[in-house]
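Structure file query.cif (mmCIF, C-alpha atoms) is printed below.
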data_final
#
loop_
_atom_site.group_PDB
_atom_site.id
_atom_site.type_symbol
_atom_site.label_atom_id
_atom_site.label_comp_id
_atom_site.auth_asym_id
_atom_site.auth_seq_id
_atom_site.Cartn_x
_atom_site.Cartn_y
_atom_site.Cartn_z
ATOM 1 C CA VAL A 1 68.950 71.235 36.913
ATOM 2 C CA LEU A 2 66.382 72.986 34.775
ATOM 3 C CA THR A 3 64.451 70.952 32.263
ATOM 4 C CA MET A 4 61.218 71.318 30.390
ATOM 5 C CA ILE A 5 61.121 75.095 30.914
ATOM 6 C CA PRO A 6 60.082 77.025 27.801
ATOM 7 C CA ALA A 7 63.137 79.052 26.902
ATOM 8 C CA ARG A 8 63.641 78.834 23.165
ATOM 9 C CA ASP A 9 60.135 79.532 21.920
ATOM 10 C CA MET A 10 58.791 82.944 22.970
ATOM 11 C CA ASP A 11 55.164 81.981 22.272
ATOM 12 C CA GLU A 12 55.493 78.935 24.511
ATOM 13 C CA PHE A 13 57.212 81.041 27.184
ATOM 14 C CA LYS A 14 54.386 83.590 27.144
ATOM 15 C CA MET A 15 51.873 80.780 27.750
ATOM 16 C CA LEU A 16 53.709 79.648 30.887
ATOM 17 C CA PRO A 17 51.613 80.952 33.821
ATOM 18 C CA GLN A 18 53.079 83.969 35.592
ATOM 19 C CA SER A 19 52.993 82.084 38.904
ATOM 20 C CA ASP A 20 55.253 79.410 37.382
ATOM 21 C CA ARG A 21 57.636 82.040 36.008
ATOM 22 C CA ASP A 22 57.748 83.733 39.417
ATOM 23 C CA PHE A 23 58.427 80.400 41.140
ATOM 24 C CA ILE A 24 61.323 79.582 38.794
ATOM 25 C CA SER A 25 62.732 83.099 38.972
ATOM 26 C CA GLY A 26 62.551 83.104 42.773
ATOM 27 C CA TRP A 27 64.472 79.847 43.103
ATOM 28 C CA LEU A 28 67.102 80.959 40.575
ATOM 29 C CA LYS A 29 67.653 84.131 42.616
ATOM 30 C CA TRP A 30 67.782 82.028 45.788
ATOM 31 C CA THR A 31 70.478 79.883 44.155
ATOM 32 C CA ASP A 32 72.591 82.934 43.308
ATOM 33 C CA THR A 33 72.277 84.239 46.875
ATOM 34 C CA ASN A 34 73.162 80.909 48.491
ATOM 35 C CA LEU A 35 76.155 79.779 46.411
ATOM 36 C CA PRO A 36 78.487 79.422 49.441
ATOM 37 C CA TYR A 37 76.152 76.734 50.774
ATOM 38 C CA LEU A 38 75.409 75.073 47.449
ATOM 39 C CA ARG A 39 79.109 74.663 46.661
ATOM 40 C CA ASN A 40 79.205 72.209 49.578
ATOM 41 C CA THR A 41 76.230 70.068 48.497
ATOM 42 C CA ILE A 42 76.567 66.400 49.445
ATOM 43 C CA PRO A 43 74.255 63.376 49.419
ATOM 44 C CA ILE A 44 72.831 62.725 52.883
ATOM 45 C CA ALA A 45 74.883 59.751 54.033
ATOM 46 C CA THR A 46 72.170 58.186 56.201
ATOM 47 C CA LEU A 47 69.610 57.993 53.382
ATOM 48 C CA ILE A 48 69.481 55.184 50.857
ATOM 49 C CA GLY A 49 69.624 56.340 47.246
ATOM 50 C CA PRO A 50 66.574 57.363 45.261
ATOM 51 C CA GLY A 51 63.768 54.910 44.690
ATOM 52 C CA LEU A 52 60.105 54.197 45.240
ATOM 53 C CA GLY A 53 59.179 53.827 48.885
ATOM 54 C CA ARG A 54 62.001 55.946 50.259
ATOM 55 C CA VAL A 55 63.133 59.534 50.551
ATOM 56 C CA ASP A 56 66.542 60.646 49.346
ATOM 57 C CA GLY A 57 68.223 63.980 49.614
ATOM 58 C CA THR A 58 71.173 66.286 49.774
ATOM 59 C CA ALA A 59 72.493 68.795 52.266
ATOM 60 C CA ALA A 60 74.339 72.032 51.598
ATOM 61 C CA MET A 61 76.191 73.401 54.631
ATOM 62 C CA HIS A 62 78.516 76.335 55.158
ATOM 63 C CA GLU A 63 79.922 77.480 58.492
ATOM 64 C CA GLU A 64 77.826 74.952 60.442
ATOM 65 C CA GLU A 65 74.426 75.856 58.993
ATOM 66 C CA GLY A 66 72.614 75.511 55.705
ATOM 67 C CA TYR A 67 69.940 73.645 53.789
ATOM 68 C CA ILE A 68 68.453 70.167 53.489
ATOM 69 C CA PHE A 69 66.751 69.050 50.251
ATOM 70 C CA LEU A 70 64.531 65.969 50.480
ATOM 71 C CA PHE A 71 62.836 64.193 47.564
ATOM 72 C CA ASN A 72 60.074 61.587 47.566
ATOM 73 C CA PRO A 73 59.347 60.001 44.172
ATOM 74 C CA SER A 74 56.618 57.751 45.606
ATOM 75 C CA PRO A 75 52.918 58.579 45.467
ATOM 76 C CA ARG A 76 52.553 58.203 49.265
ATOM 77 C CA ILE A 77 54.073 60.176 52.135
ATOM 78 C CA HIS A 78 57.377 58.767 53.387
ATOM 79 C CA ASN A 79 59.725 59.788 56.195
ATOM 80 C CA ALA A 80 63.396 60.595 56.092
ATOM 81 C CA SER A 81 65.332 59.850 59.260
ATOM 82 C CA LEU A 82 68.029 62.507 59.633
ATOM 83 C CA VAL A 83 70.856 62.712 62.129
ATOM 84 C CA ILE A 84 71.966 66.270 62.799
ATOM 85 C CA ASP A 85 75.689 65.627 62.438
ATOM 86 C CA GLU A 86 78.467 65.005 59.914
ATOM 87 C CA SER A 87 76.075 63.039 57.687
ATOM 88 C CA LEU A 88 74.602 66.432 56.724
ATOM 89 C CA GLY A 89 77.967 68.099 56.216
ATOM 90 C CA LEU A 90 78.243 69.627 59.676
ATOM 91 C CA THR A 91 81.609 69.276 61.398
ATOM 92 C CA ASN A 92 82.568 68.217 64.899
ATOM 93 C CA ALA A 93 82.764 71.927 65.696
ATOM 94 C CA SER A 94 78.949 71.932 65.731
ATOM 95 C CA LYS A 95 78.831 69.753 68.853
ATOM 96 C CA GLY A 96 76.409 71.336 71.280
ATOM 97 C CA TYR A 97 74.793 73.613 68.682
ATOM 98 C CA LYS A 98 71.068 74.089 68.431
ATOM 99 C CA TYR A 99 69.435 74.927 65.102
ATOM 100 C CA THR A 100 66.248 76.744 64.226
ATOM 101 C CA VAL A 101 64.651 74.786 61.392
ATOM 102 C CA THR A 102 62.406 76.548 58.899
ATOM 103 C CA GLU A 103 60.700 75.106 55.861
ATOM 104 C CA LEU A 104 61.324 76.874 52.544
ATOM 105 C CA PHE A 105 59.298 74.494 50.377
ATOM 106 C CA PRO A 106 56.484 73.546 50.090
ATOM 107 C CA HIS A 107 55.300 75.680 53.058
ATOM 108 C CA LYS A 108 57.587 78.710 53.020
ATOM 109 C CA GLY A 109 58.310 80.107 56.460
ATOM 110 C CA ALA A 110 56.860 77.297 58.587
ATOM 111 C CA VAL A 111 59.067 76.957 61.670
ATOM 112 C CA LEU A 112 59.552 73.285 62.489
ATOM 113 C CA GLY A 113 61.287 73.816 65.807
ATOM 114 C CA THR A 114 64.747 73.626 67.298
ATOM 115 C CA TRP A 115 66.997 70.676 66.553
ATOM 116 C CA SER A 116 70.188 69.896 68.455
ATOM 117 C CA GLN A 117 73.427 68.587 67.033
ATOM 118 C CA GLY A 118 73.472 64.812 67.395
ATOM 119 C CA MET A 119 69.705 64.274 67.528
ATOM 120 C CA THR A 120 67.739 62.109 65.105
ATOM 121 C CA VAL A 121 64.586 63.556 63.544
ATOM 122 C CA ASN A 122 62.003 62.116 61.192
ATOM 123 C CA VAL A 123 60.833 64.403 58.424
ATOM 124 C CA ALA A 124 57.753 63.540 56.382
ATOM 125 C CA VAL A 125 57.855 64.292 52.662
ATOM 126 C CA GLY A 126 54.617 64.291 50.692
ATOM 127 C CA GLY A 127 54.026 61.911 47.840
ATOM 128 C CA SER A 128 55.726 62.921 44.575
ATOM 129 C CA ASN A 129 57.050 66.001 46.301
ATOM 130 C CA ALA A 130 60.106 67.681 47.733
ATOM 131 C CA ARG A 131 60.853 69.462 50.968
ATOM 132 C CA VAL A 132 63.502 72.136 51.512
ATOM 133 C CA LEU A 133 64.574 72.986 55.061
ATOM 134 C CA GLN A 134 66.841 75.736 56.318
ATOM 135 C CA ILE A 135 68.825 75.005 59.469
ATOM 136 C CA MET A 136 70.416 78.035 61.081
ATOM 137 C CA LYS A 137 72.267 78.335 64.369
ATOM 138 C CA ALA A 138 69.718 79.132 67.053
ATOM 139 C CA THR A 139 69.993 82.013 69.455
ATOM 140 C CA ALA A 140 67.915 82.489 72.583
ATOM 141 C CA ALA A 141 65.600 84.670 70.488
ATOM 142 C CA THR A 142 65.176 82.142 67.653
ATOM 143 C CA ALA A 143 64.955 78.893 69.625
ATOM 144 C CA VAL A 144 61.404 77.603 69.344
ATOM 145 C CA ASP A 145 59.809 75.197 71.754
ATOM 146 C CA LYS A 146 57.782 73.169 69.237
ATOM 147 C CA PRO A 147 57.311 69.449 68.835
ATOM 148 C CA LEU A 148 59.995 67.889 66.680
ATOM 149 C CA GLY A 149 57.676 65.556 64.785
ATOM 150 C CA THR A 150 57.942 67.154 61.360
#
Let's see the structure in the file written out as C-alpha coordinates.
Amino acid sequence: VLTMIPARDMDEFKMLPQSDRDFISGWLKWTDTNLPYLRNTIPIATLIGPGLGRVDGTAAMHEEEGYIFLFNPSPRIHNASLVIDESLGLTNASKGYKYTVTELFPHKGAVLGTWSQGMTVNVAVGGSNARVLQIMKATAATAVDKPLGT
(Lines of atoms letter the chains of each structure in order from A and count residues from 1; the text may use other names and numbers.)
(Lines give C-alpha, C1' and ligand atoms only; values in the text may rest on other atoms or scores of the structure.)
Protein backbone atom coordinates (compact mmCIF):
# COMPACT_ATOMS: atom_id res chain seq x y z
CA VAL A 1 0.00 0.00 0.00
CA LEU A 2 1.43 3.34 -1.02
CA THR A 3 0.29 6.42 0.83
CA MET A 4 1.60 9.90 1.35
CA ILE A 5 3.88 9.71 -1.70
CA PRO A 6 3.85 12.88 -3.81
CA ALA A 7 2.36 11.79 -7.10
CA ARG A 8 -0.13 14.41 -8.19
CA ASP A 9 1.87 17.58 -7.66
CA MET A 10 5.08 17.73 -9.72
CA ASP A 11 6.61 20.47 -7.55
CA GLU A 12 6.06 18.38 -4.44
CA PHE A 13 7.46 15.31 -6.21
CA LYS A 14 10.61 17.19 -7.21
CA MET A 15 11.18 18.14 -3.56
CA LEU A 16 11.10 14.49 -2.47
CA PRO A 17 14.76 13.53 -1.86
CA GLN A 18 16.30 11.36 -4.57
CA SER A 19 17.21 8.73 -1.97
CA ASP A 20 13.51 8.42 -1.07
CA ARG A 21 12.52 8.15 -4.73
CA ASP A 22 15.18 5.47 -5.27
CA PHE A 23 13.97 3.55 -2.20
CA ILE A 24 10.35 3.58 -3.39
CA SER A 25 11.30 2.72 -6.96
CA GLY A 26 13.51 -0.15 -5.81
CA TRP A 27 10.75 -1.74 -3.73
CA LEU A 28 8.19 -1.32 -6.53
CA LYS A 29 10.56 -3.13 -8.90
CA TRP A 30 11.14 -5.79 -6.25
CA THR A 31 7.36 -6.26 -6.01
CA ASP A 32 7.05 -6.77 -9.77
CA THR A 33 9.88 -9.32 -9.74
CA ASN A 34 8.48 -11.28 -6.80
CA LEU A 35 4.78 -11.54 -7.69
CA PRO A 36 4.71 -15.37 -7.51
CA TYR A 37 5.61 -15.10 -3.83
CA LEU A 38 3.44 -12.10 -3.04
CA ARG A 39 0.34 -13.78 -4.48
CA ASN A 40 0.63 -16.24 -1.58
CA THR A 41 0.92 -13.65 1.21
CA ILE A 42 -0.66 -14.76 4.49
CA PRO A 43 -0.68 -13.45 8.07
CA ILE A 44 1.83 -15.32 10.22
CA ALA A 45 -0.42 -17.62 12.23
CA THR A 46 1.77 -17.72 15.34
CA LEU A 47 1.83 -13.94 15.79
CA ILE A 48 -0.90 -11.99 17.54
CA GLY A 49 -2.38 -9.19 15.46
CA PRO A 50 -0.93 -5.71 15.31
CA GLY A 51 -0.63 -3.64 18.45
CA LEU A 52 1.74 -1.84 20.77
CA GLY A 53 4.16 -4.16 22.52
CA ARG A 54 4.12 -6.88 19.89
CA VAL A 55 5.36 -7.65 16.41
CA ASP A 56 3.01 -8.76 13.67
CA GLY A 57 3.74 -9.86 10.16
CA THR A 58 3.04 -11.70 6.98
CA ALA A 59 4.81 -14.37 4.97
CA ALA A 60 4.87 -14.84 1.21
CA MET A 61 6.00 -18.30 0.12
CA HIS A 62 6.24 -20.02 -3.24
CA GLU A 63 7.72 -23.46 -3.87
CA GLU A 64 8.89 -23.82 -0.25
CA GLU A 65 10.81 -20.54 0.00
CA GLY A 66 10.04 -16.86 0.13
CA TYR A 67 9.81 -13.78 2.32
CA ILE A 68 8.86 -12.78 5.86
CA PHE A 69 7.65 -9.23 6.62
CA LEU A 70 7.68 -8.18 10.27
CA PHE A 71 6.30 -4.92 11.69
CA ASN A 72 6.80 -3.33 15.10
CA PRO A 73 4.62 -0.29 15.80
CA SER A 74 6.07 0.17 19.30
CA PRO A 75 8.87 2.59 20.12
CA ARG A 76 11.00 -0.19 21.68
CA ILE A 77 12.57 -3.29 20.16
CA HIS A 78 10.34 -6.37 20.33
CA ASN A 79 10.84 -9.98 19.25
CA ALA A 80 8.76 -12.13 16.97
CA SER A 81 8.83 -15.85 17.69
CA LEU A 82 8.60 -17.69 14.37
CA VAL A 83 8.20 -21.38 13.70
CA ILE A 84 9.64 -22.44 10.37
CA ASP A 85 6.64 -24.47 9.24
CA GLU A 86 3.10 -24.23 7.87
CA SER A 87 2.47 -21.09 9.94
CA LEU A 88 4.65 -19.27 7.37
CA GLY A 89 2.99 -20.87 4.37
CA LEU A 90 5.48 -23.70 3.93
CA THR A 91 4.01 -27.14 3.29
CA ASN A 92 4.75 -30.53 4.79
CA ALA A 93 6.95 -31.12 1.75
CA SER A 94 9.50 -28.80 3.37
CA LYS A 95 10.18 -31.28 6.18
CA GLY A 96 13.92 -31.63 6.55
CA TYR A 97 14.73 -28.49 4.54
CA LYS A 98 17.31 -25.98 5.64
CA TYR A 99 16.99 -22.31 4.66
CA THR A 100 19.56 -19.58 4.20
CA VAL A 101 18.07 -16.46 5.76
CA THR A 102 19.09 -13.04 4.49
CA GLU A 103 17.82 -9.66 5.58
CA LEU A 104 16.49 -7.36 2.85
CA PHE A 105 15.44 -4.51 5.14
CA PRO A 106 16.66 -2.59 7.07
CA HIS A 107 20.16 -4.10 6.58
CA LYS A 108 20.17 -5.35 3.00
CA GLY A 109 22.29 -8.44 2.47
CA ALA A 110 22.98 -9.34 6.11
CA VAL A 111 23.03 -13.14 6.34
CA LEU A 112 21.28 -14.24 9.53
CA GLY A 113 22.22 -17.90 9.28
CA THR A 114 20.64 -21.21 8.40
CA TRP A 115 17.24 -22.14 9.76
CA SER A 116 15.77 -25.63 9.62
CA GLN A 117 12.17 -26.57 8.96
CA GLY A 118 10.41 -27.04 12.29
CA MET A 119 12.71 -24.85 14.39
CA THR A 120 11.59 -21.83 16.40
CA VAL A 121 13.56 -18.60 16.05
CA ASN A 122 13.25 -15.22 17.71
CA VAL A 123 13.68 -12.22 15.45
CA ALA A 124 14.17 -8.75 16.92
CA VAL A 125 12.45 -5.86 15.17
CA GLY A 126 13.51 -2.31 15.99
CA GLY A 127 11.13 0.19 17.47
CA SER A 128 8.73 1.75 14.95
CA ASN A 129 10.37 -0.28 12.23
CA ALA A 130 9.98 -3.22 9.90
CA ARG A 131 12.16 -6.15 8.97
CA VAL A 132 12.07 -8.09 5.70
CA LEU A 133 13.73 -11.51 5.53
CA GLN A 134 14.32 -13.77 2.56
CA ILE A 135 14.36 -17.50 3.25
CA MET A 136 15.73 -19.62 0.43
CA LYS A 137 16.45 -23.33 0.32
CA ALA A 138 20.02 -23.84 1.48
CA THR A 139 22.62 -25.78 -0.42
CA ALA A 140 25.95 -26.94 0.94
CA ALA A 141 27.46 -23.77 -0.54
CA THR A 142 24.90 -21.39 1.00
CA ALA A 143 24.47 -22.94 4.45
CA VAL A 144 26.01 -20.59 6.98
CA ASP A 145 27.16 -21.61 10.42
CA LYS A 146 26.09 -18.47 12.30
CA PRO A 147 24.29 -18.02 15.58
CA LEU A 148 20.53 -18.05 15.17
CA GLY A 149 19.85 -15.23 17.62
CA THR A 150 18.61 -12.63 15.15
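Across the model, the gap from atom CA of Leu52 of chain A to atom CA of Ser74 of chain A is 5.0 Å.
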Pairwise distance for atom CA of Asp20 of chain A and atom CA of Ala110 of chain A, rounded to one decimal in Å |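 Those two atoms sit 21.4 Å apart.
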Would you mind reading off the distance between atom CA of Gly66 of chain A and atom CA of Val83 of chain A, one decimal, in Å?
-> 14.4 Å
Among listed residues A:Glu12, A:Lys95, A:Ile135, A:Leu90, nearest Val111 of chain A (using all atoms listed in the file) =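 Looking only at the distances to Val111 of chain A, the closest residue turns out to be A:Ile135.
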Determine the residue set returned by the PyMOL selection byres ((chain A and resi 70) around 9) for the present structure, and present it as JSON, numbers by chain.
-> {"A": [55, 56, 57, 58, 59, 68, 69, 71, 72, 80, 123, 125, 129, 130, 131, 132, 133]}
For each of A:Ser128, A:Thr139, A:Gln18, A:Thr31, take the minimum atom-to-atom distance to Pro73 of chain A, counting all atoms listed in the file, then give the residue where this is smallest.
->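 Under the stated criterion, the closest residue is A:Ser128.
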Would you please work out which residue, of A:Gly127, A:Gly89, A:Gly26, A:Gly53, is nearest to Tyr67 of chain A when using all atoms listed in the file?
-> A:Gly89
How big is the axis-aligned box around all listed atoms of segment 16-24 of chain A once 4 Å goes on each side, and where's its centre, in Å to one decimal, as AutoDock Vina command-line options?
--center_x 56.5 --center_y 81.7 --center_z 36.0 --size_x 17.7 --size_y 12.6 --size_z 18.3
Selected residue, from A:Leu88, A:Gly96, A:Gln117, A:Met10, that lies nearest to Ile44 of chain A when counting all atoms listed in the file |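 Closest to Ile44 of chain A of all the choices is A:Leu88.
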Pick from A:Leu104, A:Ala124, A:Leu47, A:Ile24: nearest to Ile77 of chain A, with only C-alpha atoms counted?
-> A:Ala124
Evaluating the PyMOL selection byres ((chain A and resi 34) around 12) on the displayed file yields which residues, as a list in words?
-> Trp27, Leu28, Lys29, Trp30, Thr31, Asp32, Thr33, Leu35, Pro36, Tyr37, Leu38, Arg39, Asn40, Thr41, Ala60, Met61, His62, Glu65, Gly66, Tyr67 and Gln134 of chain A
Would you please work out which residue, of A:His78, A:Tyr99, A:Asp9, A:Ile42, is nearest to Arg54 of chain A when using all atoms listed in the file?
->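 When distances to Arg54 of chain A are compared using all atoms listed in the file, the smallest one comes from A:His78.
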Residues selected by the PyMOL selection byres ((chain A and resi 118) around 10), written as a VMD selection string | chain A and resid 82 to 86 94 to 98 115 to 117 119 to 121
